[in-house]
Each structure stands twice: as C-alpha cells, then as structure tokens.
Amino acid sequence: MIAFPTRSAAIAAALLIPALHDTAQAAPSPNGNASVIERANHAATVEPAAGRFLNAVQVQAFAEGALYQVATAPDRITDIALQPGEALVAVASGDTARWVIGDTTSGQGEGKRTHILVKPFTAGLTTNLVVTTDRRSYHLTLSSASGAALSAMSWTYPEDALVALKRANAAAEAARPVAAGVTPEALNFNYEISGDRPTWRPLRAFDDGRQTFIQLPVSIVLDEAPPLFLVDGKGTAELVNYRLSGRFYVVDRIFNAAELRLGTKNQQIVRIDRVVEGTSNRRGK
C-alpha cells in the first residue's frame, strides 16, 4: 500500500526545501509544463505493432524509459512476462481499486520466469504500471476497452545481447592462438629479461623467425600497459608498432633489444635482449 502524506506533513516538508526562484517571479504556467510532459510521454510511447507478435505474444525491444502500451479488456487476463531469471522487486499501479494486479512464476532454475497478471474491472479505464526488478524498471500504460486485448507481452533485450556478444568475442580472442600455424621447433626462446621488477614484468619472450612475442603476467589486466621501445646499438630508443593479443605483445619483426618503459619521474624499465649463438646482450639484471 502506498501512503500519502497528510496536508500538515506536506506543508512541513515544503518548509524544508529551499526556494529555487525569487518569490516575486511568476510561477511557470501549469499548462506549459503539461504540454512538455505530454510531448515527452508521447515520444516515449511504444504501441503494439502487427510485426511484433510471436503467436499471441506481443514482443517489444526493451529500452530504458520507454512507455509500453498494454491493451486489456474486462473478463480477460493479460500476461506481462519478464526476462527468464529476472527477480521481481515491486509492482506499483496508479489505480489499484479498479484493476486486479498480481504476479506468478513459471519454470524453475535459470529458466524461472515472473509473470505480472493484469485485469480491469470495466472498460474505459487507464492507469500506469511500474515494475521494478533486480535488472531494470519497466514503465507501462494500461488501458481497457470492450474490444480485443493483448493475451501476453514480453521483451527482447538488445543491450544484453550486445554485452553477451562482446564477452563471446573477447573469449574467442583470448582462446585464439597467438601464433597460428607455427610448429614448436620453429620457436626461439633465447631471450633474456632484465631490469626493474614491476608487476607487469614479462614472463618470457620468444619469436617464430618472423614475429616476436612478449608474454605478460595475468596482472596486466589490472595494470597500465607499458609502451615498447626498440633500442639500437647506440642505446637510442624508438617506439615500435605492436598489438596486444590476450596477454601477449606481438611485434611484426625480430629485434635484438627492446625496453618496456612506464612513468616519467621514477620510470620503470624492463629490458628484453635476444641472445644470439650463446652470447648475451644483457646489461645487468
């Protein structure tokens, strides 16, 4: 049950709210505000459409803040079905005296589904319905007529589908081999890692004769990724193009020496040297 404040409580509450405008200024026109609200509500309204039925179920794409029209009729129950696995928090209606509103569930486990059941006492009624769940809020406009009524209504969730697609793509990218089509015999692990020991210090480096791969620790997902510089024989450093594949830096070339550098004032430097025929380019650990 929704409790409304008494007149004295409303006055007391109003006295606690600071004035936002000079009292000498004219108050906004109520008709003007109503017009703005009506235009906004009209623009947000989603009505039933012939192409959105799945058998007798009206299926709409969910959008935050949209107002979904639900046509009902006396002596008919309209089923408003939520997303499977979505837990109901509360249901509130502007008119509980002339509408029967209840809820039930179907299925079990992850497929358990909440259904809001609505039925008007008579034709010619209209009210709003707000349904809150553990995932989102639904805003509906209920109307009753002596004609046809929606048997059921549900939604698709484009944003959820997009998030799921991004996760699937990320998982596929993480599972994709870093060096596809390369035999283990072709890999050269003869690299030395020296210098500072930040949390992002590489675990190893190797090449396949064409590309160089630098494997970073799992913590790189939480750390700031350091840029990679190639270092020539004179010690001159130059940024090199590379890409991040999972936890690997992939460089489309073979290098003799490179450095990962992060920071300016207290810069952390980790050096990676390619060892050739048993010699070492290392400059100290």
# chains A, B, ... in the order shown; residues from 1 in each chain; ligands from 1
call {"tool": "closest_atom_pairs", "arguments": {"of": "stretch 29-67 of chain A", "to": "stretch 157-174 of chain A", "cutoff": "10 Å", "atoms": "only C-alpha atoms", "output": "tab-separated table"}}
result
residue	atom	partner	partner_atom	distance
A:Gln60	CA	A:Tyr157	CA	8.8
A:Ala61	CA	A:Tyr157	CA	6.0
A:Phe62	CA	A:Tyr157	CA	5.4
A:Ala63	CA	A:Tyr157	CA	8.0
call {"tool": "closest_residue", "arguments": {"among": "A:Pro120, A:Gly94, A:Gly209, A:Gly85", "to": "A:Ala186", "atoms": "only C-alpha atoms"}}
result
A:Gly209
call {"tool": "residues_around", "arguments": {"residues": "stretch 125-137 of chain A", "least_positions_apart": "2", "cutoff": "8 Å", "atoms": "only C-alpha atoms", "output": "PyMOL selection string"}}
result
chain A and resi 64+86-95+120+122-123+139-145
call {"tool": "select_by_dssp", "arguments": {"residues": "stretch 18-205 of chain A", "states": "strand (DSSP E or B)", "output": "MDAnalysis selection string"}}
result
chainID A and resid 45:46 53:54 57:61 67:72 78:81 88:93 99:106 113:120 126:133 137:144 152:156 188 191:195 204:205
call {"tool": "atom_distance", "arguments": {"atom1": "atom CA of A:Phe189", "atom2": "atom CA of A:Ala205"}}
result
6.3 Å
call {"tool": "residues_around", "arguments": {"residues": "A:Val118", "least_positions_apart": "2", "cutoff": "8 Å", "atoms": "only C-alpha atoms", "output": "JSON, numbers by chain"}}
result
{"A": [72, 77, 78, 79, 80, 99, 100, 101, 102, 116, 120]}
call {"tool": "write_last_selection", "arguments": {"atoms": "N, CA and C atoms", "output": "compact mmCIF listing (two decimals), in the first residue's frame"}}
result
# COMPACT_ATOMS: atom_id res chain seq x y z
N THR A 72 -5.99 -3.97 -22.62
CA THR A 72 -6.65 -5.01 -21.84
C THR A 72 -8.17 -4.92 -22.04
N ILE A 77 -7.49 -11.74 -18.84
CA ILE A 77 -6.22 -11.54 -18.13
C ILE A 77 -5.12 -11.34 -19.15
N THR A 78 -4.33 -10.31 -18.98
CA THR A 78 -3.17 -10.06 -19.83
C THR A 78 -1.91 -10.42 -19.05
N ASP A 79 -1.08 -11.25 -19.66
CA ASP A 79 0.15 -11.75 -19.05
C ASP A 79 1.33 -10.90 -19.50
N ILE A 80 2.02 -10.26 -18.55
CA ILE A 80 3.22 -9.47 -18.83
C ILE A 80 4.41 -10.27 -18.31
N TRP A 99 -8.44 -2.19 -10.83
CA TRP A 99 -7.62 -3.16 -11.58
C TRP A 99 -7.21 -4.29 -10.63
N VAL A 100 -7.23 -5.50 -11.14
CA VAL A 100 -6.68 -6.64 -10.41
C VAL A 100 -5.28 -6.88 -10.96
N ILE A 101 -4.28 -6.79 -10.08
CA ILE A 101 -2.88 -6.94 -10.50
C ILE A 101 -2.21 -7.93 -9.56
N GLY A 102 -1.66 -8.96 -10.12
CA GLY A 102 -0.97 -9.98 -9.34
C GLY A 102 0.25 -10.48 -10.07
N ILE A 116 3.50 -10.85 -14.61
CA ILE A 116 2.59 -9.90 -13.99
C ILE A 116 1.24 -10.06 -14.69
N PRO A 120 -8.74 -5.49 -15.86
CA PRO A 120 -9.55 -4.35 -15.45
C PRO A 120 -10.95 -4.80 -15.03
call {"tool": "atom_distance", "arguments": {"atom1": "atom CA of A:Gly111", "atom2": "atom CA of A:Leu150"}}
result
23.4 Å
